[in-house]
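Asker: Data: final-v7.cif, mmCIF, C-alpha atoms and all ligand atoms.
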```
data_structure
loop_
_atom_site.label_atom_id
_atom_site.label_comp_id
_atom_site.auth_asym_id
_atom_site.auth_seq_id
_atom_site.Cartn_x
_atom_site.Cartn_y
_atom_site.Cartn_z
CA MET A 1 0.00 0.00 0.00
CA PRO A 2 1.53 3.35 -0.92
CA LEU A 3 2.34 6.11 1.45
CA VAL A 4 -0.52 8.53 0.72
CA SER A 5 -1.63 12.04 1.56
CA ILE A 6 -4.19 12.24 4.36
CA VAL A 7 -6.28 14.76 2.38
CA PRO A 8 -8.29 12.39 0.11
CA LEU A 9 -8.68 9.99 3.04
CA LEU A 10 -10.16 12.80 5.11
CA HIS A 11 -12.63 13.62 2.35
CA ARG A 12 -13.74 9.98 2.47
CA ALA A 13 -14.04 10.18 6.25
CA GLN A 14 -16.03 13.41 6.02
CA ALA A 15 -18.46 11.80 3.57
CA GLY A 16 -18.65 8.63 5.66
CA GLY A 17 -19.25 10.36 9.00
CA TYR A 18 -16.14 9.11 10.81
CA ALA A 19 -12.74 10.57 11.73
CA LEU A 20 -9.14 9.58 11.11
CA PRO A 21 -6.56 9.94 13.84
CA LEU A 22 -3.16 11.54 13.76
CA PHE A 23 -0.93 9.71 16.22
CA LEU A 24 2.46 11.27 16.94
CA THR A 25 5.33 8.78 16.88
CA PRO A 26 8.58 10.07 18.39
CA GLU A 27 10.52 6.85 17.73
CA MET A 28 10.40 3.51 15.97
CA LEU A 29 8.67 1.30 18.56
CA ALA A 30 5.75 3.72 18.94
CA ALA A 31 5.46 3.89 15.17
CA GLU A 32 5.54 0.12 14.79
CA GLY A 33 2.83 -0.37 17.42
CA THR A 34 0.70 2.33 15.79
CA VAL A 35 0.91 0.84 12.31
CA ARG A 36 0.22 -2.69 13.64
CA ALA A 37 -2.98 -1.35 15.26
CA LEU A 38 -4.06 0.24 11.97
CA GLU A 39 -3.43 -2.98 10.03
CA GLU A 40 -5.30 -5.11 12.57
CA ARG A 41 -8.30 -2.76 12.54
CA GLY A 42 -8.33 -2.13 8.79
CA ALA A 43 -7.98 1.58 9.44
CA SER A 44 -6.10 4.43 7.87
CA ALA A 45 -4.42 7.28 9.74
CA ALA A 46 -1.66 9.83 9.75
CA VAL A 47 1.54 9.06 11.59
CA GLY A 48 2.83 12.38 12.86
CA VAL A 49 6.16 13.99 13.65
CA TYR A 50 6.00 16.99 15.99
CA ALA A 51 7.84 19.94 14.43
CA PRO A 52 10.64 20.26 17.05
CA TRP A 53 11.55 16.62 16.37
CA ILE A 54 12.29 17.49 12.71
CA GLU A 55 15.22 19.58 13.99
CA ARG A 56 16.84 16.62 15.76
CA PRO A 57 20.06 15.13 14.32
CA THR A 58 18.18 11.83 13.81
CA ALA A 59 15.22 13.41 12.01
CA ARG A 60 16.17 12.22 8.54
CA ALA A 61 16.72 8.66 9.79
CA LEU A 62 13.40 8.60 11.68
CA SER A 63 11.61 10.00 8.64
CA ALA A 64 13.15 7.35 6.37
CA TYR A 65 12.00 4.65 8.82
CA LEU A 66 8.45 6.05 8.94
CA VAL A 67 8.28 6.29 5.14
CA ALA A 68 9.40 2.66 4.78
CA LEU A 69 7.00 1.50 7.50
CA ALA A 70 4.07 3.24 5.82
CA GLU A 71 5.00 1.94 2.37
CA GLU A 72 5.01 -1.61 3.68
CA ALA A 73 1.75 -1.29 5.65
CA SER A 74 -1.35 -3.11 4.41
CA VAL A 75 -3.48 0.02 4.89
CA PRO A 76 -2.93 3.57 3.56
CA VAL A 77 -0.79 5.60 5.96
CA ALA A 78 0.07 9.29 5.70
CA LEU A 79 3.17 10.90 7.18
CA MET A 80 2.50 14.38 8.53
CA LEU A 81 4.51 17.15 10.15
CA ASP A 82 2.56 18.49 13.15
CA HIS A 83 2.71 22.17 14.16
CA GLY A 84 5.33 23.31 11.66
CA ALA A 85 6.42 26.71 12.95
CA THR A 86 8.29 27.94 9.87
CA LEU A 87 8.35 27.45 6.12
CA GLU A 88 11.82 25.94 6.58
CA GLN A 89 10.52 23.20 8.89
CA CYS A 90 7.78 22.36 6.41
CA VAL A 91 10.24 22.23 3.49
CA ARG A 92 12.54 19.99 5.54
CA ALA A 93 9.66 17.56 6.12
CA ILE A 94 8.71 17.64 2.43
CA ARG A 95 12.33 16.81 1.50
CA PHE A 96 12.20 13.87 3.92
CA GLY A 97 9.21 12.44 2.04
CA PHE A 98 6.28 13.58 4.20
CA THR A 99 2.91 13.47 2.45
CA ASP A 100 1.37 16.32 4.48
CA VAL A 101 2.43 19.22 6.67
CA MET A 102 0.54 21.14 9.31
CA PHE A 103 1.66 24.75 9.50
CA ASP A 104 0.64 26.53 12.68
CA GLY A 105 0.41 30.30 12.31
CA SER A 106 -2.37 30.49 14.89
CA ALA A 107 -0.38 32.64 17.32
CA LEU A 108 0.11 35.30 14.60
CA PRO A 109 -2.31 38.13 13.85
CA LEU A 110 -4.86 36.92 11.28
CA GLU A 111 -3.35 38.70 8.27
CA GLU A 112 0.11 37.33 9.07
CA ASN A 113 -1.32 33.85 9.59
CA ILE A 114 -2.94 34.06 6.16
CA ALA A 115 0.23 35.30 4.44
CA ALA A 116 2.51 32.72 6.08
CA THR A 117 0.10 29.85 5.47
CA ARG A 118 -0.31 30.83 1.83
CA THR A 119 3.47 30.66 1.35
CA VAL A 120 3.59 27.16 2.87
CA VAL A 121 0.63 26.03 0.76
CA ARG A 122 2.37 27.18 -2.45
CA ALA A 123 5.58 25.32 -1.61
CA ALA A 124 3.77 22.18 -0.44
CA HIS A 125 1.31 21.96 -3.31
CA ALA A 126 4.18 22.37 -5.81
CA ALA A 127 5.56 19.14 -4.29
CA GLY A 128 2.18 17.39 -4.19
CA VAL A 129 1.98 17.67 -0.39
CA GLY A 130 -1.22 18.45 1.53
CA VAL A 131 -1.44 21.27 4.10
CA GLU A 132 -3.36 21.69 7.34
CA ALA A 133 -3.42 25.10 9.03
CA GLU A 134 -4.92 26.44 12.25
CA LEU A 135 -7.44 29.26 12.57
CA GLY A 136 -8.23 30.48 16.06
CA HIS A 137 -5.81 29.04 18.61
CA VAL A 138 -5.91 25.72 20.49
CA GLY A 139 -4.09 26.35 23.78
CA THR A 140 -2.57 23.95 26.28
CA GLY A 141 -4.43 22.00 28.95
CA THR A 142 -2.41 23.52 31.80
CA GLU A 143 -3.83 26.95 30.89
CA TYR A 144 -7.30 25.56 30.15
CA GLN A 145 -9.00 27.56 32.90
CA GLU A 146 -7.60 30.80 31.45
CA MET A 147 -8.06 29.80 27.78
CA GLY A 148 -10.48 27.08 26.65
CA ALA A 149 -12.88 27.37 29.57
CA ARG A 150 -13.17 31.11 28.82
CA ARG A 151 -13.42 30.62 25.06
CA VAL A 152 -10.11 32.43 24.45
CA GLY A 153 -8.80 31.63 20.98
CA PHE A 154 -12.05 30.05 19.75
CA THR A 155 -12.34 30.13 15.95
CA ASP A 156 -14.54 32.94 14.62
CA PRO A 157 -16.91 31.49 11.97
CA CYS A 158 -16.76 34.76 9.98
CA THR A 159 -13.06 34.21 9.31
CA VAL A 160 -13.31 30.62 8.01
CA ALA A 161 -14.40 31.05 4.37
CA PRO A 162 -12.01 33.96 3.61
CA TYR A 163 -9.14 32.12 5.35
CA VAL A 164 -9.67 28.94 3.36
CA GLN A 165 -10.02 30.84 0.10
CA GLU A 166 -7.02 33.13 0.63
CA THR A 167 -4.63 30.43 1.84
CA GLY A 168 -5.71 27.48 -0.35
CA VAL A 169 -5.29 25.18 2.65
CA ASP A 170 -6.56 21.54 2.45
CA VAL A 171 -7.48 20.86 6.09
CA LEU A 172 -8.42 23.33 8.83
CA ALA A 173 -7.67 22.91 12.54
CA VAL A 174 -10.27 24.82 14.56
CA ALA A 175 -10.59 25.81 18.22
CA PHE A 176 -13.89 25.14 20.02
CA GLY A 177 -12.89 24.01 23.52
CA THR A 178 -10.12 21.42 23.22
CA ALA A 179 -6.54 21.88 24.45
CA HIS A 180 -3.15 20.24 24.01
CA GLY A 181 -1.63 18.11 26.78
CA VAL A 182 -3.34 17.33 30.08
CA TYR A 183 -6.56 19.26 30.79
CA ARG A 184 -6.68 21.21 34.05
CA GLY A 185 -10.40 20.99 34.74
CA GLU A 186 -13.16 19.46 32.65
CA PRO A 187 -12.96 20.01 28.90
CA HIS A 188 -16.13 21.62 27.51
CA LEU A 189 -16.60 21.42 23.75
CA ASP A 190 -18.81 23.97 22.01
CA LEU A 191 -20.44 21.72 19.41
CA ASP A 192 -22.82 24.47 18.27
CA LEU A 193 -19.79 26.55 17.31
CA LEU A 194 -18.25 23.50 15.61
CA ARG A 195 -21.43 23.00 13.56
CA ASP A 196 -21.29 26.68 12.55
CA LEU A 197 -17.64 26.29 11.50
CA ARG A 198 -18.51 23.13 9.58
CA ALA A 199 -21.17 25.04 7.60
CA CYS A 200 -18.63 27.70 6.57
CA THR A 201 -16.37 25.47 4.44
CA ASP A 202 -16.24 22.17 2.53
CA ILE A 203 -12.69 21.20 3.54
CA PRO A 204 -12.11 18.68 6.36
CA LEU A 205 -11.86 20.08 9.91
CA ALA A 206 -9.25 18.87 12.41
CA MET A 207 -9.49 18.72 16.20
CA HIS A 208 -6.29 18.93 18.25
CA GLY A 209 -6.07 17.95 21.91
CA GLY A 210 -7.82 14.56 21.80
CA SER A 211 -6.17 13.21 24.96
CA GLY A 212 -8.51 13.27 27.94
CA LEU A 213 -11.80 13.45 26.05
CA SER A 214 -14.49 10.81 26.58
CA ALA A 215 -15.76 8.48 23.84
CA GLU A 216 -19.01 10.42 23.97
CA GLN A 217 -17.17 13.73 23.39
CA PHE A 218 -15.28 12.23 20.45
CA ARG A 219 -18.50 10.95 18.88
CA GLY A 220 -20.21 14.30 19.45
CA ALA A 221 -17.36 16.19 17.78
CA ILE A 222 -17.34 13.79 14.82
CA ALA A 223 -21.12 14.11 14.39
CA ALA A 224 -20.76 17.90 14.52
CA GLY A 225 -18.18 17.93 11.74
CA VAL A 226 -14.65 16.89 12.74
CA SER A 227 -12.85 14.49 10.37
CA LYS A 228 -9.34 14.39 11.86
CA ILE A 229 -8.41 14.03 15.52
CA ASN A 230 -4.89 14.44 16.95
CA VAL A 231 -3.91 12.24 19.90
CA PHE A 232 -0.59 11.95 21.65
CA THR A 233 -0.40 12.98 25.32
CA GLU A 234 -2.45 10.04 26.58
CA LEU A 235 -0.34 7.57 24.59
CA GLY A 236 2.82 8.95 26.14
CA LEU A 237 1.41 8.99 29.68
CA THR A 238 -0.02 5.46 29.49
CA THR A 239 3.19 4.09 28.00
CA GLY A 240 5.24 5.77 30.71
CA ARG A 241 3.03 4.37 33.46
CA ARG A 242 3.25 0.86 32.05
CA LEU A 243 7.03 1.08 31.75
CA CYS A 244 7.20 2.08 35.43
CA GLU A 245 4.97 -0.84 36.41
CA HIS A 246 7.05 -3.20 34.29
CA ALA A 247 10.30 -2.04 35.91
CA GLY A 248 9.52 -4.26 38.91
CA ALA A 249 9.00 -7.41 36.84
CA GLU A 250 11.50 -10.20 37.33
CA ASP A 251 12.02 -10.66 33.60
CA ALA A 252 12.35 -6.93 32.89
CA SER A 253 15.02 -6.29 30.29
CA TYR A 254 15.78 -4.01 27.37
CA PHE A 255 13.79 -6.38 25.19
CA THR A 256 10.68 -6.53 27.37
CA PHE A 257 10.66 -2.72 27.74
CA GLN A 258 10.55 -2.52 23.95
CA GLU A 259 7.52 -4.81 23.94
CA VAL A 260 5.74 -2.64 26.49
CA ILE A 261 6.14 0.46 24.30
CA ARG A 262 5.08 -1.31 21.10
CA ASP A 263 2.15 -3.11 22.71
CA THR A 264 0.82 -0.03 24.50
CA PHE A 265 0.71 2.02 21.30
CA ARG A 266 -0.84 -0.96 19.49
CA GLU A 267 -3.60 -1.35 22.10
CA ARG A 268 -4.37 2.34 22.68
CA CYS A 269 -4.31 3.33 18.99
CA ALA A 270 -6.67 0.44 18.17
CA GLU A 271 -9.12 1.73 20.75
CA TYR A 272 -9.08 5.29 19.35
CA VAL A 273 -9.59 3.94 15.83
CA GLU A 274 -12.70 2.08 17.04
CA VAL A 275 -14.14 5.10 18.84
CA PHE A 276 -13.54 7.34 15.81
CA GLY A 277 -15.43 4.91 13.56
CA ALA A 278 -12.34 4.45 11.39
CA ALA A 279 -12.01 0.67 11.87
CA GLY A 280 -12.86 -1.63 8.98
CA ARG A 281 -12.69 1.07 6.28
CA PHE A 282 -9.64 -0.59 4.68
CA PRO A 283 -8.23 -2.47 2.91
CA GLU A 284 -11.39 -3.09 0.90
CA GLY A 285 -10.11 -0.67 -1.73
CA MET A 286 -9.42 3.01 -2.07
CA GLY A 287 -12.23 3.49 -4.58
CA ALA A 288 -15.17 2.24 -2.51
CA GLU A 289 -16.60 4.21 0.36
CA GLY A 290 -16.62 2.07 3.48
ZN ZN B 301 -1.96 20.22 17.98
#
```
In structure tokens, what does this structure look like?
Answerer:
Amino acid sequence: MPLVSIVPLLHRAQAGGYALPLFLTPEMLAAEGTVRALEERGASAAVGVYAPWIERPTARALSAYLVALAEEASVPVALMLDHGATLEQCVRAIRFGFTDVMFDGSALPLEENIAATRTVVRAAHAAGVGVEAELGHVGTGTEYQEMGARRVGFTDPCTVAPYVQETGVDVLAVAFGTAHGVYRGEPHLDLDLLRDLRACTDIPLAMHGGSGLSAEQFRGAIAAGVSKINVFTELGLTTGRRLCEHAGAEDASYFTFQEVIRDTFRERCAEYVEVFGAAGRFPEGMGAEG
């Protein structure tokens, strides 16, 4: 199965009323567990690299591994840069063979966000690479009481259509009450706002900050118009906890620690895929809607 852009897969998901995950994979064992889960569940997804990781000395090697892993998978897998902060980071990812890049200009004033995103879109589309951008601003869970709970950074529906048209972006990340990392307090999603945002554009909408939401909240967000959901924090926390628990085992070794990492990603990613309704959509064929 080829390494493919997430964009046409998201259009399928949007039409089919389900969502595809983006799982960040900082290293090879996490990536292997993630792709095994996708194969077992007949699901497609994006494997993601967080932008600061693309600056690491090992970034080219990790990217080459992820490309090979995706190419050999039995389901379509996209490779996406997450939260690219500069055009240079996005170009670096494109050179490494990524199928999609997310450029995050959401902390910039709107006009600057539009201009910067448009530049990334031009470079990416020239290379056949899809682009996600963020409008409004998804904050972090530790500042949730000051941000999300007070609707700070929420996407303004009036800005959606002009933003999409002026940037030419393929996927839009929107802010309606989610946050990155661990939520301080209960996350409250404004699904009425999400439905309004959904009505403003035809392109797929992405939700960041999936860790810590309930299955009911995921299903509500998908029904209200989200087609892509980013998850990472929970995977990292659960894997860390299981490694700590395993440290006391009599047979604990380098090899068994590797299994814990791989198996935790495999199990947790499979569960997200089920909740998002993405299981069983592949490999029955790219042409047929599942
Ligand atoms: Zn994010």
Asker: Which residues come within 8 Å of Gln14 of chain A, counting only C-alpha atoms, excluding same-chain residues fewer than 3 positions away, as a CSV table (one decimal) with C-alpha atoms, keeping the file's coordinate frame?
Answerer:
```
chain,number,residue,atom,x,y,z
A,10,LEU,CA,-10.2,12.8,5.1
A,11,HIS,CA,-12.6,13.6,2.4
A,17,GLY,CA,-19.2,10.4,9.0
A,18,TYR,CA,-16.1,9.1,10.8
A,19,ALA,CA,-12.7,10.6,11.7
A,204,PRO,CA,-12.1,18.7,6.4
A,225,GLY,CA,-18.2,17.9,11.7
A,226,VAL,CA,-14.6,16.9,12.7
A,227,SER,CA,-12.8,14.5,10.4
```
Asker: Measuring atom to atom with all atoms listed in the file, identify which of A:Thr201, A:Thr140, A:Thr117, A:Ser253 is nearest to ligand ZN 301 (chain B).
Answerer: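 Nearest candidate to ligand ZN 301 (chain B) out of A:Thr201, A:Thr140, A:Thr117, A:Ser253: A:Thr140.
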Asker: For the interface of segment 94-114 of chain A with segment 63-85 of chain A (cut-off 6 Å, counting only C-alpha atoms), please tabulate each contacting residue of segment 94-114 of chain A alongside its nearest pair of atoms and their separation in Å to one decimal, rows sorted by chain and increasing number, as CSV.
Answerer:
```
residue,atom,partner,partner_atom,distance
A:Phe98,CA,A:Leu79,CA,5.1
A:Thr99,CA,A:Leu79,CA,5.4
A:Asp100,CA,A:Met80,CA,4.6
A:Val101,CA,A:Leu81,CA,4.6
A:Met102,CA,A:Asp82,CA,5.1
A:Phe103,CA,A:Gly84,CA,4.5
A:Asp104,CA,A:His83,CA,5.0
```
Asker: What is the atom CA of Tyr144 of chain A to atom CA of Leu205 of chain A distance in Å?
Answerer: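 Between these atoms lies a distance of 21.5 Å.
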Asker: Which residues are close to segment 231-237 of chain A, i.e. within 12 Å by all atoms listed in the file, leaving aside same-chain residues fewer than 3 positions away? Reply as a VMD selection string.
Answerer: chain A and resid 20 to 27 30 to 31 33 to 34 45 to 50 82 140 to 141 178 to 183 206 to 213 218 228 240 to 244 260 to 273 276
Asker: Could you write those residues out with C-alpha atoms, as a PDB file, in the coordinates of the input?
Answerer:
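New file result23.pdb:
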```pdb
ATOM      1  CA  LEU A  20      -9.140   9.580  11.110  1.00  0.00           C
ATOM      2  CA  PRO A  21      -6.560   9.940  13.840  1.00  0.00           C
ATOM      3  CA  LEU A  22      -3.160  11.540  13.760  1.00  0.00           C
ATOM      4  CA  PHE A  23      -0.930   9.710  16.220  1.00  0.00           C
ATOM      5  CA  LEU A  24       2.460  11.270  16.940  1.00  0.00           C
ATOM      6  CA  THR A  25       5.330   8.780  16.880  1.00  0.00           C
ATOM      7  CA  PRO A  26       8.580  10.070  18.390  1.00  0.00           C
ATOM      8  CA  GLU A  27      10.520   6.850  17.730  1.00  0.00           C
ATOM      9  CA  ALA A  30       5.750   3.720  18.940  1.00  0.00           C
ATOM     10  CA  ALA A  31       5.460   3.890  15.170  1.00  0.00           C
ATOM     11  CA  GLY A  33       2.830  -0.370  17.420  1.00  0.00           C
ATOM     12  CA  THR A  34       0.700   2.330  15.790  1.00  0.00           C
ATOM     13  CA  ALA A  45      -4.420   7.280   9.740  1.00  0.00           C
ATOM     14  CA  ALA A  46      -1.660   9.830   9.750  1.00  0.00           C
ATOM     15  CA  VAL A  47       1.540   9.060  11.590  1.00  0.00           C
ATOM     16  CA  GLY A  48       2.830  12.380  12.860  1.00  0.00           C
ATOM     17  CA  VAL A  49       6.160  13.990  13.650  1.00  0.00           C
ATOM     18  CA  TYR A  50       6.000  16.990  15.990  1.00  0.00           C
ATOM     19  CA  ASP A  82       2.560  18.490  13.150  1.00  0.00           C
ATOM     20  CA  THR A 140      -2.570  23.950  26.280  1.00  0.00           C
ATOM     21  CA  GLY A 141      -4.430  22.000  28.950  1.00  0.00           C
ATOM     22  CA  THR A 178     -10.120  21.420  23.220  1.00  0.00           C
ATOM     23  CA  ALA A 179      -6.540  21.880  24.450  1.00  0.00           C
ATOM     24  CA  HIS A 180      -3.150  20.240  24.010  1.00  0.00           C
ATOM     25  CA  GLY A 181      -1.630  18.110  26.780  1.00  0.00           C
ATOM     26  CA  VAL A 182      -3.340  17.330  30.080  1.00  0.00           C
ATOM     27  CA  TYR A 183      -6.560  19.260  30.790  1.00  0.00           C
ATOM     28  CA  ALA A 206      -9.250  18.870  12.410  1.00  0.00           C
ATOM     29  CA  MET A 207      -9.490  18.720  16.200  1.00  0.00           C
ATOM     30  CA  HIS A 208      -6.290  18.930  18.250  1.00  0.00           C
ATOM     31  CA  GLY A 209      -6.070  17.950  21.910  1.00  0.00           C
ATOM     32  CA  GLY A 210      -7.820  14.560  21.800  1.00  0.00           C
ATOM     33  CA  SER A 211      -6.170  13.210  24.960  1.00  0.00           C
ATOM     34  CA  GLY A 212      -8.510  13.270  27.940  1.00  0.00           C
ATOM     35  CA  LEU A 213     -11.800  13.450  26.050  1.00  0.00           C
ATOM     36  CA  PHE A 218     -15.280  12.230  20.450  1.00  0.00           C
ATOM     37  CA  LYS A 228      -9.340  14.390  11.860  1.00  0.00           C
ATOM     38  CA  GLY A 240       5.240   5.770  30.710  1.00  0.00           C
ATOM     39  CA  ARG A 241       3.030   4.370  33.460  1.00  0.00           C
ATOM     40  CA  ARG A 242       3.250   0.860  32.050  1.00  0.00           C
ATOM     41  CA  LEU A 243       7.030   1.080  31.750  1.00  0.00           C
ATOM     42  CA  CYS A 244       7.200   2.080  35.430  1.00  0.00           C
ATOM     43  CA  VAL A 260       5.740  -2.640  26.490  1.00  0.00           C
ATOM     44  CA  ILE A 261       6.140   0.460  24.300  1.00  0.00           C
ATOM     45  CA  ARG A 262       5.080  -1.310  21.100  1.00  0.00           C
ATOM     46  CA  ASP A 263       2.150  -3.110  22.710  1.00  0.00           C
ATOM     47  CA  THR A 264       0.820  -0.030  24.500  1.00  0.00           C
ATOM     48  CA  PHE A 265       0.710   2.020  21.300  1.00  0.00           C
ATOM     49  CA  ARG A 266      -0.840  -0.960  19.490  1.00  0.00           C
ATOM     50  CA  GLU A 267      -3.600  -1.350  22.100  1.00  0.00           C
ATOM     51  CA  ARG A 268      -4.370   2.340  22.680  1.00  0.00           C
ATOM     52  CA  CYS A 269      -4.310   3.330  18.990  1.00  0.00           C
ATOM     53  CA  ALA A 270      -6.670   0.440  18.170  1.00  0.00           C
ATOM     54  CA  GLU A 271      -9.120   1.730  20.750  1.00  0.00           C
ATOM     55  CA  TYR A 272      -9.080   5.290  19.350  1.00  0.00           C
ATOM     56  CA  VAL A 273      -9.590   3.940  15.830  1.00  0.00           C
ATOM     57  CA  PHE A 276     -13.540   7.340  15.810  1.00  0.00           C
TER      58      PHE A 276
END
```
Asker: Using all atoms listed in the file, find the one residue out of A:Ala149, A:Thr167, A:Asp192, A:Glu55 that sits nearest to Ala224 of chain A.
Answerer: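 Result for the nearest residue to Ala224 of chain A: A:Asp192.
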Asker: With the input short on atoms, add N, CA, C and O atoms back to segment 149-166 of chain A and write it as a PDB file, in the frame of the given file.
Answerer:
```pdb
ATOM      1  N   ALA A 149     -11.679  27.227  28.756  1.00  0.00           N
ATOM      2  CA  ALA A 149     -12.880  27.370  29.570  1.00  0.00           C
ATOM      3  C   ALA A 149     -13.487  28.766  29.435  1.00  0.00           C
ATOM      4  O   ALA A 149     -14.656  28.982  29.716  1.00  0.00           O
ATOM      5  N   ARG A 150     -12.665  29.738  29.005  1.00  0.00           N
ATOM      6  CA  ARG A 150     -13.170  31.110  28.820  1.00  0.00           C
ATOM      7  C   ARG A 150     -13.303  31.473  27.344  1.00  0.00           C
ATOM      8  O   ARG A 150     -13.396  32.662  27.007  1.00  0.00           O
ATOM      9  N   ARG A 151     -13.213  30.461  26.504  1.00  0.00           N
ATOM     10  CA  ARG A 151     -13.420  30.620  25.060  1.00  0.00           C
ATOM     11  C   ARG A 151     -12.357  31.487  24.391  1.00  0.00           C
ATOM     12  O   ARG A 151     -12.569  31.983  23.286  1.00  0.00           O
ATOM     13  N   VAL A 152     -11.200  31.645  25.052  1.00  0.00           N
ATOM     14  CA  VAL A 152     -10.110  32.430  24.450  1.00  0.00           C
ATOM     15  C   VAL A 152      -9.529  31.638  23.287  1.00  0.00           C
ATOM     16  O   VAL A 152      -9.227  30.455  23.424  1.00  0.00           O
ATOM     17  N   GLY A 153      -9.391  32.284  22.147  1.00  0.00           N
ATOM     18  CA  GLY A 153      -8.800  31.630  20.980  1.00  0.00           C
ATOM     19  C   GLY A 153      -9.791  30.857  20.130  1.00  0.00           C
ATOM     20  O   GLY A 153      -9.403  30.283  19.107  1.00  0.00           O
ATOM     21  N   PHE A 154     -11.059  30.803  20.529  1.00  0.00           N
ATOM     22  CA  PHE A 154     -12.050  30.050  19.750  1.00  0.00           C
ATOM     23  C   PHE A 154     -12.120  30.614  18.325  1.00  0.00           C
ATOM     24  O   PHE A 154     -12.017  31.828  18.111  1.00  0.00           O
ATOM     25  N   THR A 155     -12.297  29.723  17.357  1.00  0.00           N
ATOM     26  CA  THR A 155     -12.340  30.130  15.950  1.00  0.00           C
ATOM     27  C   THR A 155     -13.597  30.942  15.668  1.00  0.00           C
ATOM     28  O   THR A 155     -14.699  30.540  16.043  1.00  0.00           O
ATOM     29  N   ASP A 156     -13.418  32.071  15.000  1.00  0.00           N
ATOM     30  CA  ASP A 156     -14.540  32.940  14.620  1.00  0.00           C
ATOM     31  C   ASP A 156     -15.088  32.450  13.274  1.00  0.00           C
ATOM     32  O   ASP A 156     -14.362  32.465  12.268  1.00  0.00           O
ATOM     33  N   PRO A 157     -16.356  32.015  13.224  1.00  0.00           N
ATOM     34  CA  PRO A 157     -16.910  31.490  11.970  1.00  0.00           C
ATOM     35  C   PRO A 157     -16.782  32.457  10.793  1.00  0.00           C
ATOM     36  O   PRO A 157     -16.609  32.024   9.655  1.00  0.00           O
ATOM     37  N   CYS A 158     -16.844  33.765  11.060  1.00  0.00           N
ATOM     38  CA  CYS A 158     -16.760  34.760   9.980  1.00  0.00           C
ATOM     39  C   CYS A 158     -15.423  34.702   9.251  1.00  0.00           C
ATOM     40  O   CYS A 158     -15.320  35.142   8.101  1.00  0.00           O
ATOM     41  N   THR A 159     -14.398  34.197   9.924  1.00  0.00           N
ATOM     42  CA  THR A 159     -13.060  34.210   9.310  1.00  0.00           C
ATOM     43  C   THR A 159     -12.789  32.965   8.466  1.00  0.00           C
ATOM     44  O   THR A 159     -11.818  32.937   7.713  1.00  0.00           O
ATOM     45  N   VAL A 160     -13.631  31.924   8.603  1.00  0.00           N
ATOM     46  CA  VAL A 160     -13.310  30.620   8.010  1.00  0.00           C
ATOM     47  C   VAL A 160     -13.263  30.658   6.484  1.00  0.00           C
ATOM     48  O   VAL A 160     -12.249  30.284   5.875  1.00  0.00           O
ATOM     49  N   ALA A 161     -14.351  31.094   5.843  1.00  0.00           N
ATOM     50  CA  ALA A 161     -14.400  31.050   4.370  1.00  0.00           C
ATOM     51  C   ALA A 161     -13.304  31.907   3.738  1.00  0.00           C
ATOM     52  O   ALA A 161     -12.584  31.431   2.845  1.00  0.00           O
ATOM     53  N   PRO A 162     -13.105  33.173   4.198  1.00  0.00           N
ATOM     54  CA  PRO A 162     -12.010  33.960   3.610  1.00  0.00           C
ATOM     55  C   PRO A 162     -10.644  33.317   3.840  1.00  0.00           C
ATOM     56  O   PRO A 162      -9.792  33.325   2.954  1.00  0.00           O
ATOM     57  N   TYR A 163     -10.447  32.741   5.041  1.00  0.00           N
ATOM     58  CA  TYR A 163      -9.140  32.120   5.350  1.00  0.00           C
ATOM     59  C   TYR A 163      -8.859  30.958   4.410  1.00  0.00           C
ATOM     60  O   TYR A 163      -7.761  30.847   3.854  1.00  0.00           O
ATOM     61  N   VAL A 164      -9.852  30.112   4.228  1.00  0.00           N
ATOM     62  CA  VAL A 164      -9.670  28.940   3.360  1.00  0.00           C
ATOM     63  C   VAL A 164      -9.412  29.389   1.927  1.00  0.00           C
ATOM     64  O   VAL A 164      -8.518  28.867   1.244  1.00  0.00           O
ATOM     65  N   GLN A 165     -10.169  30.371   1.487  1.00  0.00           N
ATOM     66  CA  GLN A 165     -10.020  30.840   0.100  1.00  0.00           C
ATOM     67  C   GLN A 165      -8.667  31.524  -0.115  1.00  0.00           C
ATOM     68  O   GLN A 165      -8.000  31.282  -1.116  1.00  0.00           O
ATOM     69  N   GLU A 166      -8.256  32.356   0.824  1.00  0.00           N
ATOM     70  CA  GLU A 166      -7.020  33.130   0.630  1.00  0.00           C
ATOM     71  C   GLU A 166      -5.761  32.300   0.813  1.00  0.00           C
ATOM     72  O   GLU A 166      -4.716  32.624   0.241  1.00  0.00           O
TER      73      GLU A 166
END
```
